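Undergrad: Shown below is the structure under consideration.
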Amino acid sequence: MSKDDSKITESVIAAHWKEEDYVHPPSSFIGQAYLTDPSVFERFSEKEFPECFREYADLLDWYKYWHTTLDSSKPPFFKWFVGGTLNASYNCVDRHLAKHRNKTALYFVPEPEDEETIALTYQQLYRRINETAAMLRDFCGLKRGDRVTLHMPMTLELPITMLACARLGVIHSQVFSGFSGKACADRIVDSGSRVLITMDAYQRGGKLIDHKGKADIAVKEAKEQGFDVDKVLVWRRYRGNYSSETPMQKGRDFFADEVVADYHGHTVEPEHMEANDTLFLMYTSGTTGKPKGAQHSTGGYLSYAAGTSKFIQDIHPEDVYWCMADIGWITGHSYIVYGPLALAATSVVYEGAPSVPDAGRPWRIAEELDVNIFHTSPTAVRALRRADPDLPKKYNYHFKHMTTVGEPIEPEVWRWYWEVVGKKEAVIVDTWWQTETGGFLCSTVPGIDPMKPGSAGPALPGIYPAIYDEAGEEIRAGSGVAGNICIRNPWPGRMLTVWGDDKRFVDTYYARYNRKKNSKDWRDWPYFAGDGAMQATDGYFRILGRIDDVINVAGHRLGTKELEAACLLVPEVGEAAVVAAADKVKGSVPDVFVSLRPGIKPTDEVAKKVSDAIADEIGAIAKPRRVWLVSDMPKTRSGKIMRRVLASLVAGRDPGDVSTLANPEIVEELRKMVK
Ligand code: WTA
């Protein structure tokens with residue numbers, strides 16, 4: 001990294017772990033696993049590409065079989081399974097009715113422990129999706145290709161609404177419920193959603209949280225941006241009882257649970273969607289301020305979600321599978337809803353926080369529902385371990401398989417997960433992937449590969465990564481040298497493009513390592529993931545973290561630019577710089593430096609305003625750990641803020657040579673301050 005580089009990135013501050021010893025999957029797991037034959041790597045090797053991915057697509061039911069597995073005539077806009085038609089809702093529900101009609105498709109576990117768990121069978125899910133689809137079509141006038149924004153918490157109505165959209169070919173764009181009304185507005189406007197679907201309230205952290213108010217803010221904000229929302233559908237957390245303080249606006253707001261009653265018993269024929277029609281949008285943070293809508297396909301995405309759920313998650317129809325992520329993130333889309341339901345599994349939707357009312361809650365849920373596959377983030381594992389490291393031992397549940405996702409997991413935390421949570425009976429997969437990739441890219445194949453704590457593992461079958469240096473040269477495979485991880489080939493789960501912005505798609509993911517601009521050969525178009533990584537001699541990848549201006553807080557991606565823009569909304573603030581600080585539980589958290597306008601006194605009140613502005617603009621998850629009010633920022637002579645220096649100070653590291661700064665004296669002052 002050059003001296004003048006103003007960026008300090010997650011990969012630079014990543015902990016340096018030593019290589020760990022292998023841990024072997026339990027034989028009880030291997031005995032029942034779907035994928036135990038190492039010839040899979042032959043079947044999915046480069047010489048079998050792209051036809052190898054037929055195996056994933058064949059897990060689905062197609063109305064019309066495709067004629068071209070991969071169309072790479074317009075790189076990097078690759079198309080999979082061209083000519084094929086299918087419907088995601090049909091694949092996740094209808095086709096299972098013959099065999100699994102009376103089997104639980106979804107469990108809903110409310111956060112309050114005295115509220116009953118609800119089990120919804122495939123038959124009931126089918127009914128509710130159809131009735132909801134009829135309402136969306138006939139009451140809201142939604143049709144194939146329209147977008148609809150969902151801002152829903154973790155309840156059954158969320159997957160039901162998503163699958164109702166999929167049935168109609170309506171593109172859903174679910175915004176994480178913890179995001180603010182303003183963040184929701186930006187996504188409404190960008191996607192052009194005339195309908196917003198929300199819920200009045202939800203239970204989280206021991207409280208009934210009023211959520212409908214955010215919809216009012218979202219609609220108002222969208223209007224200010226020149227975009228009208230026609231209808232707001234409001235599901236009620238307690239049917240028939242409205243739990244929000246905000247009034248319903250006549251002619252605009254409707255109780256979905258009331259309206260849907262008019263469609264009792266209605267059925268809706270699933271639309272025959274083209275494989276490359278859009279199934280959904282999922283907005284994610286990038287290097288610049290505006291979040292990007294990752295646009296996912298119907299055929300490629302669903303094939304990849306199903307294939308990886310089967311071979312990496314090892315989900316069998318008789319399993320009870322619980323992914324503790326929120327459906328508002330890509331993990332929830334692929335591995336709570338689409339993947340597991342495509343395989344006719346039972347998937348658990350838990351409403352609340354992991355430690356409510358205490359850190360034994362996840363293990364009681366696992367015990368009660370007989371969960372045997374468990375999926376969560378390192379942040380949650382750290383938090384549960386910290387609360388009481390012996391607690392899982394008191395509960396009589398048995399996992400066969402556990403997943404970690406979203407951020408690197410420290411070997412010590414991994415070992416607790418393995419020994420105490422998994423009781424050494426459960427295989428662990430550390431899955432590396434992104435919103436943009438639709439499904440896993442690196443992980444061990446649990447029935448074949450040994451595990452290595454702290455390493456995601458080798459690439460998945462059919463994924464061919466390479467690590468490049470800054471100059472674009474490939475770093476020798478297995479050399480243990482860090483660089484930028486890329487995927488050399490297209491794969492079916494990858495997003496089609498950035499919604500409404502093809503250029504940004506190409507610039508963000510392909511411009512950096514594209515070899516020949518007009519090449520029609522996919523080999524010239526490596527996908528740039530934006531993560532630092534290194535590959536050990538055994539082929540296992542260790543992911544070091546983001547190399548761009550993205551902070552990964554508790555496994556959630558936040559753009560530093562978005563956070564800085566929020567700080568600048570506070571009138572007292574002159575300049576703002578956000579850096580990632582290491583955190584024992586969340587991996588990293590934002591630390592905010594602000595310099596105030598001339599004449600403004602640094603007070604706790606101003607600091608609070610900054611913190612509140614971030615919560616209002618983006619959501620409470622983005623709240624900074626500290627807001628440092630400083631007299632000036634360390635700057636280069638050209639006036640760029642040196643975030644690298646700030647990050648070093650926060651980490652208690654030597655910021656190195658600062659003599660070339662325009663104002664080197666400020667560094668000492670800041671060092672004393674953050675100490
Ligand atoms: C990080 C979440 C280390 C990475 C599925 C990536 C990980 C970003 C891992 C994507 C892992 C995800 N080990 N880091 N197993 N999984 N990441 O889009 O920096 O919310 O680029 O998707 O999370 O976050 P996103």
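In the structure tokens, chains take the letters A, B, ... in the order shown, each chain's residues start at 1, and ligands count up from 1 in the order shown.
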At a cut-off of 6 Å around ligand 1, and using only C-alpha atoms and all ligand atoms, what residues come up? Please write them as a ChimeraX atom specification.

TA: /A:331,405-408,430-435,456,531,543,545-546,556-557

Undergrad: Restricting it to all heavy atoms, dump the selection as a compact mmCIF listing (two decimals), in the first residue's frame.

TA:
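File produced: again_32.txt:
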```
# COMPACT_ATOMS: atom_id res chain seq x y z
N THR A 331 -28.31 -13.87 3.24
CA THR A 331 -28.24 -15.19 3.88
C THR A 331 -29.64 -15.73 4.12
O THR A 331 -29.93 -16.91 3.89
CB THR A 331 -27.47 -15.10 5.21
OG1 THR A 331 -26.15 -14.63 4.93
CG2 THR A 331 -27.39 -16.45 5.90
N VAL A 405 -21.08 -17.80 8.86
CA VAL A 405 -21.12 -16.95 7.67
C VAL A 405 -20.99 -15.48 8.02
O VAL A 405 -21.38 -15.06 9.09
CB VAL A 405 -22.45 -17.14 6.90
CG1 VAL A 405 -23.64 -16.71 7.73
CG2 VAL A 405 -22.44 -16.37 5.57
N GLY A 406 -20.42 -14.71 7.10
CA GLY A 406 -20.53 -13.26 7.19
C GLY A 406 -19.25 -12.54 7.56
O GLY A 406 -19.09 -11.37 7.25
N GLU A 407 -18.35 -13.20 8.28
CA GLU A 407 -17.11 -12.56 8.71
C GLU A 407 -16.15 -13.68 9.08
O GLU A 407 -16.57 -14.82 9.29
CB GLU A 407 -17.35 -11.63 9.91
CG GLU A 407 -18.55 -12.02 10.68
CD GLU A 407 -18.65 -11.50 12.10
OE1 GLU A 407 -17.72 -10.86 12.61
OE2 GLU A 407 -19.68 -11.79 12.71
N PRO A 408 -14.88 -13.34 9.19
CA PRO A 408 -13.94 -14.37 9.59
C PRO A 408 -14.21 -14.80 11.04
O PRO A 408 -14.60 -13.99 11.86
CB PRO A 408 -12.58 -13.66 9.49
CG PRO A 408 -12.81 -12.44 8.66
CD PRO A 408 -14.24 -12.06 8.87
N ASP A 430 -17.53 -23.13 7.18
CA ASP A 430 -17.30 -21.68 7.24
C ASP A 430 -17.47 -21.19 5.81
O ASP A 430 -16.62 -21.41 4.95
CB ASP A 430 -15.88 -21.43 7.76
CG ASP A 430 -15.52 -19.94 7.82
OD1 ASP A 430 -16.24 -19.11 7.23
OD2 ASP A 430 -14.49 -19.62 8.44
N THR A 431 -18.60 -20.55 5.54
CA THR A 431 -18.98 -20.25 4.16
C THR A 431 -18.69 -18.80 3.80
O THR A 431 -19.21 -17.89 4.42
CB THR A 431 -20.48 -20.52 3.97
OG1 THR A 431 -21.22 -19.73 4.92
CG2 THR A 431 -20.80 -21.99 4.20
N TRP A 432 -17.86 -18.63 2.79
CA TRP A 432 -17.55 -17.28 2.33
C TRP A 432 -18.32 -16.98 1.06
O TRP A 432 -18.28 -17.76 0.10
CB TRP A 432 -16.05 -17.13 2.05
CG TRP A 432 -15.74 -15.83 1.36
CD1 TRP A 432 -15.80 -14.59 1.92
CD2 TRP A 432 -15.36 -15.64 -0.01
NE1 TRP A 432 -15.48 -13.64 0.98
CE2 TRP A 432 -15.20 -14.25 -0.21
CE3 TRP A 432 -15.13 -16.52 -1.09
CZ2 TRP A 432 -14.83 -13.72 -1.44
CZ3 TRP A 432 -14.76 -15.98 -2.31
CH2 TRP A 432 -14.61 -14.59 -2.48
N TRP A 433 -19.02 -15.87 1.06
CA TRP A 433 -19.78 -15.43 -0.13
C TRP A 433 -20.29 -14.04 0.11
O TRP A 433 -19.91 -13.41 1.10
CB TRP A 433 -20.90 -16.42 -0.44
CG TRP A 433 -21.97 -16.58 0.61
CD1 TRP A 433 -21.79 -17.07 1.88
CD2 TRP A 433 -23.36 -16.29 0.50
NE1 TRP A 433 -22.99 -17.09 2.55
CE2 TRP A 433 -23.97 -16.62 1.73
CE3 TRP A 433 -24.15 -15.79 -0.54
CZ2 TRP A 433 -25.34 -16.45 1.95
CZ3 TRP A 433 -25.51 -15.64 -0.31
CH2 TRP A 433 -26.10 -15.96 0.92
N GLN A 434 -21.15 -13.54 -0.76
CA GLN A 434 -21.60 -12.15 -0.71
C GLN A 434 -23.02 -12.00 -1.26
O GLN A 434 -23.49 -12.87 -2.00
CB GLN A 434 -20.70 -11.28 -1.60
CG GLN A 434 -19.24 -11.49 -1.36
CD GLN A 434 -18.39 -10.68 -2.31
OE1 GLN A 434 -18.44 -10.88 -3.52
NE2 GLN A 434 -17.64 -9.74 -1.78
N THR A 435 -23.61 -10.85 -0.98
CA THR A 435 -24.92 -10.52 -1.52
C THR A 435 -24.93 -10.72 -3.04
O THR A 435 -25.89 -11.24 -3.61
CB THR A 435 -25.25 -9.04 -1.22
OG1 THR A 435 -25.18 -8.85 0.19
CG2 THR A 435 -26.63 -8.66 -1.73
N ALA A 456 -11.94 -20.48 5.49
CA ALA A 456 -13.22 -20.83 4.88
C ALA A 456 -13.13 -22.20 4.21
O ALA A 456 -14.08 -22.96 4.22
CB ALA A 456 -13.63 -19.76 3.87
N ASP A 531 -12.59 -8.52 -1.45
CA ASP A 531 -12.03 -9.04 -0.20
C ASP A 531 -10.55 -9.37 -0.38
O ASP A 531 -10.13 -9.84 -1.44
CB ASP A 531 -12.75 -10.33 0.20
CG ASP A 531 -14.06 -10.07 0.91
OD1 ASP A 531 -14.16 -9.06 1.63
OD2 ASP A 531 -14.98 -10.89 0.76
N ILE A 543 -10.04 -15.77 4.41
CA ILE A 543 -10.56 -14.47 3.99
C ILE A 543 -10.14 -13.44 5.04
O ILE A 543 -10.36 -13.63 6.23
CB ILE A 543 -12.10 -14.51 3.87
CG1 ILE A 543 -12.54 -15.68 2.97
CG2 ILE A 543 -12.64 -13.18 3.37
CD1 ILE A 543 -12.03 -15.63 1.54
N GLY A 545 -10.89 -9.97 4.87
CA GLY A 545 -11.83 -8.87 5.07
C GLY A 545 -11.83 -7.93 3.89
O GLY A 545 -11.12 -8.14 2.90
N ARG A 546 -12.64 -6.89 3.98
CA ARG A 546 -12.84 -5.99 2.87
C ARG A 546 -11.59 -5.17 2.56
O ARG A 546 -10.89 -4.72 3.45
CB ARG A 546 -13.98 -5.02 3.18
CG ARG A 546 -15.29 -5.69 3.48
CD ARG A 546 -15.89 -6.38 2.31
NE ARG A 546 -16.02 -5.51 1.14
CZ ARG A 546 -16.54 -5.91 -0.01
NH1 ARG A 546 -16.95 -7.16 -0.16
NH2 ARG A 546 -16.65 -5.07 -1.00
N HIS A 556 -22.71 -7.55 8.90
CA HIS A 556 -23.55 -6.72 8.04
C HIS A 556 -22.69 -5.65 7.37
O HIS A 556 -21.92 -4.97 8.00
CB HIS A 556 -24.65 -6.03 8.85
CG HIS A 556 -25.53 -7.01 9.56
ND1 HIS A 556 -26.07 -6.78 10.78
CD2 HIS A 556 -25.93 -8.24 9.20
CE1 HIS A 556 -26.78 -7.81 11.14
NE2 HIS A 556 -26.72 -8.73 10.20
N ARG A 557 -22.89 -5.52 6.08
CA ARG A 557 -22.05 -4.60 5.33
C ARG A 557 -22.54 -3.17 5.40
O ARG A 557 -23.68 -2.89 5.09
CB ARG A 557 -22.04 -5.03 3.86
CG ARG A 557 -20.93 -5.96 3.56
CD ARG A 557 -21.21 -6.64 2.27
NE ARG A 557 -20.95 -5.75 1.14
CZ ARG A 557 -21.00 -6.18 -0.11
NH1 ARG A 557 -21.30 -7.43 -0.37
NH2 ARG A 557 -20.74 -5.36 -1.10
```

Undergrad: List the neighbours of region 143-147 of chain A out to 7 Å using only C-alpha atoms; skip same-chain residues closer than 5 positions along the sequence, and give me the result as a list in words.

TA: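 Counting only C-alpha atoms, the residues come to Arg137, Leu168, Gly169, Val170, Ile171, His172, Ser191, Gly192 and Ser193 of chain A.
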
Undergrad: Store the residues picked out above in a file with N, CA and C atoms, as a CSV table (one decimal), in the first residue's frame.

TA:
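Full text of result.csv as output:
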```csv
chain,number,residue,atom,x,y,z
A,137,ARG,N,-52.1,-9.2,-6.8
A,137,ARG,CA,-52.5,-9.0,-8.2
A,137,ARG,C,-53.8,-8.2,-8.3
A,168,LEU,N,-46.1,-14.4,-9.0
A,168,LEU,CA,-46.6,-13.5,-10.0
A,168,LEU,C,-45.6,-13.0,-10.9
A,169,GLY,N,-44.3,-13.3,-10.6
A,169,GLY,CA,-43.2,-12.7,-11.4
A,169,GLY,C,-43.0,-11.3,-11.0
A,170,VAL,N,-43.5,-10.9,-9.8
A,170,VAL,CA,-43.2,-9.5,-9.3
A,170,VAL,C,-41.9,-9.6,-8.6
A,171,ILE,N,-41.1,-8.6,-8.8
A,171,ILE,CA,-39.7,-8.6,-8.2
A,171,ILE,C,-39.8,-8.0,-6.8
A,172,HIS,N,-39.4,-8.8,-5.8
A,172,HIS,CA,-39.4,-8.3,-4.4
A,172,HIS,C,-38.1,-7.7,-4.0
A,191,SER,N,-35.7,1.4,-6.8
A,191,SER,CA,-36.3,0.2,-7.5
A,191,SER,C,-37.6,0.6,-8.2
A,192,GLY,N,-38.2,1.7,-7.9
A,192,GLY,CA,-39.4,2.2,-8.5
A,192,GLY,C,-40.6,1.3,-8.0
A,193,SER,N,-40.7,1.2,-6.7
A,193,SER,CA,-41.8,0.4,-6.1
A,193,SER,C,-43.0,1.3,-5.7
```

Undergrad: Please compute the CA of Glu224 (chain A)-CA of Lys182 (chain A) distance, one decimal, in Å.

TA: 11.0 Å

Undergrad: Could you please determine the separation between CA of Pro411 (chain A) and CA of Val320 (chain A) in Å, to one decimal place?

TA: 27.2 Å

Undergrad: Could you give me, as a PyMOL selection string, the residues within 7 Å of region 268-283 of chain A, counting only C-alpha atoms and dropping anything in the same chain fewer than 2 positions from it?

TA: chain A and resi 79+81-87+90+130+133-134+166-169+171-174+266+291-300+330

Undergrad: In terms of the shortest atom-to-atom distance over only C-alpha atoms, which of A:Phe528, A:Trp522, A:Tyr202, A:Trp491 is closest to Ala305 (chain A)?

TA: A:Trp491

Undergrad: Could you pull the residues within 12 Å of Ala98 (chain A), counting only C-alpha atoms, minus those fewer than 6 positions along the same chain, as a list in words?

TA: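 Everything that qualifies: Tyr122, Gln123 and Ala344 of chain A.
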
Undergrad: Print the selection's residues with N, CA, C and O atoms to a file, as a PDB file, in the first residue's frame.

TA:
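So result_15.pdb came out as:
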```
ATOM      1  N   TYR A 122     -46.640 -27.490   4.371  1.00  0.00           N
ATOM      2  CA  TYR A 122     -46.528 -27.098   2.960  1.00  0.00           C
ATOM      3  C   TYR A 122     -47.894 -26.774   2.375  1.00  0.00           C
ATOM      4  O   TYR A 122     -48.042 -25.834   1.585  1.00  0.00           O
ATOM      5  N   GLN A 123     -48.908 -27.524   2.770  1.00  0.00           N
ATOM      6  CA  GLN A 123     -50.269 -27.239   2.289  1.00  0.00           C
ATOM      7  C   GLN A 123     -50.731 -25.849   2.736  1.00  0.00           C
ATOM      8  O   GLN A 123     -51.246 -25.063   1.951  1.00  0.00           O
ATOM      9  N   ALA A 344     -37.596 -28.959   0.087  1.00  0.00           N
ATOM     10  CA  ALA A 344     -38.680 -29.501   0.915  1.00  0.00           C
ATOM     11  C   ALA A 344     -38.274 -29.727   2.367  1.00  0.00           C
ATOM     12  O   ALA A 344     -38.754 -30.636   3.038  1.00  0.00           O
TER      13      ALA A 344
END
```

Undergrad: Can you pull out the residues contacting region 457-462 of chain A? Cut-off 10 Å, using only C-alpha atoms, and skip same-chain residues under 5 positions away; I want them as JSON, numbers by chain.

TA: {"A": [40, 41, 42, 43, 44, 45, 46, 48, 49, 50, 51, 52, 53, 308, 311, 312, 429, 430, 431, 432, 440, 441, 442, 443, 444, 445, 449, 450, 451, 452, 487, 489, 490, 491, 492, 535, 536, 538, 539, 540, 541, 542, 543]}

Undergrad: Write out as a list of chain:residue names each polymer residue whose atoms come within 10 Å of Pro110 (chain A), counting only C-alpha atoms; drop sequence neighbours fewer than 2 positions from it.

TA: A:Tyr107, A:Phe108, A:Pro112, A:Glu113, A:Asp114, A:Glu115, A:Glu116, A:Thr117, A:Ile118, A:Met154, A:Thr155, A:Tyr202, A:Gln203, A:Arg204, A:Val349, A:Tyr350, A:Glu351, A:Gly352

Undergrad: Since we have the selection now, will you write its residues out, keeping C-alpha atoms, as a compact mmCIF listing (two decimals), in the first residue's frame?

TA:
```txt
# COMPACT_ATOMS: atom_id res chain seq x y z
CA TYR A 107 -41.78 -22.87 11.98
CA PHE A 108 -42.35 -19.43 13.41
CA PRO A 112 -41.69 -13.88 23.76
CA GLU A 113 -41.20 -17.33 25.15
CA ASP A 114 -44.77 -17.62 26.34
CA GLU A 115 -46.16 -17.24 22.81
CA GLU A 116 -46.71 -20.51 20.97
CA THR A 117 -44.49 -21.61 18.13
CA ILE A 118 -46.46 -21.88 14.89
CA MET A 154 -38.94 -11.88 10.87
CA THR A 155 -42.44 -13.34 10.73
CA TYR A 202 -42.59 -6.89 15.99
CA GLN A 203 -41.03 -8.31 19.10
CA ARG A 204 -37.33 -7.76 19.48
CA VAL A 349 -38.02 -18.44 11.32
CA TYR A 350 -37.10 -16.95 14.70
CA GLU A 351 -38.41 -13.49 15.36
CA GLY A 352 -36.06 -12.18 17.96
```

Undergrad: Got a sec: who's within 10 Å of Glu368 (chain A), counting only C-alpha atoms, leaving out chain neighbours fewer than 3 positions off, as a VMD selection string?

TA: chain A and resid 117 362 to 365 371 395 to 397

Undergrad: Can you tell me, as a ChimeraX atom specification, which residues in region 322-496 of chain A count as alpha helix (DSSP H) by DSSP?

TA: /A:330-332,339-342,361-369,378-387,411-416

Undergrad: For Val553 (chain A), which of A:Gly447, A:Pro598, A:Pro378, A:Gly439 is the closest residue, counting only C-alpha atoms?

TA: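 So, comparing all the options, the nearest one is A:Pro378.
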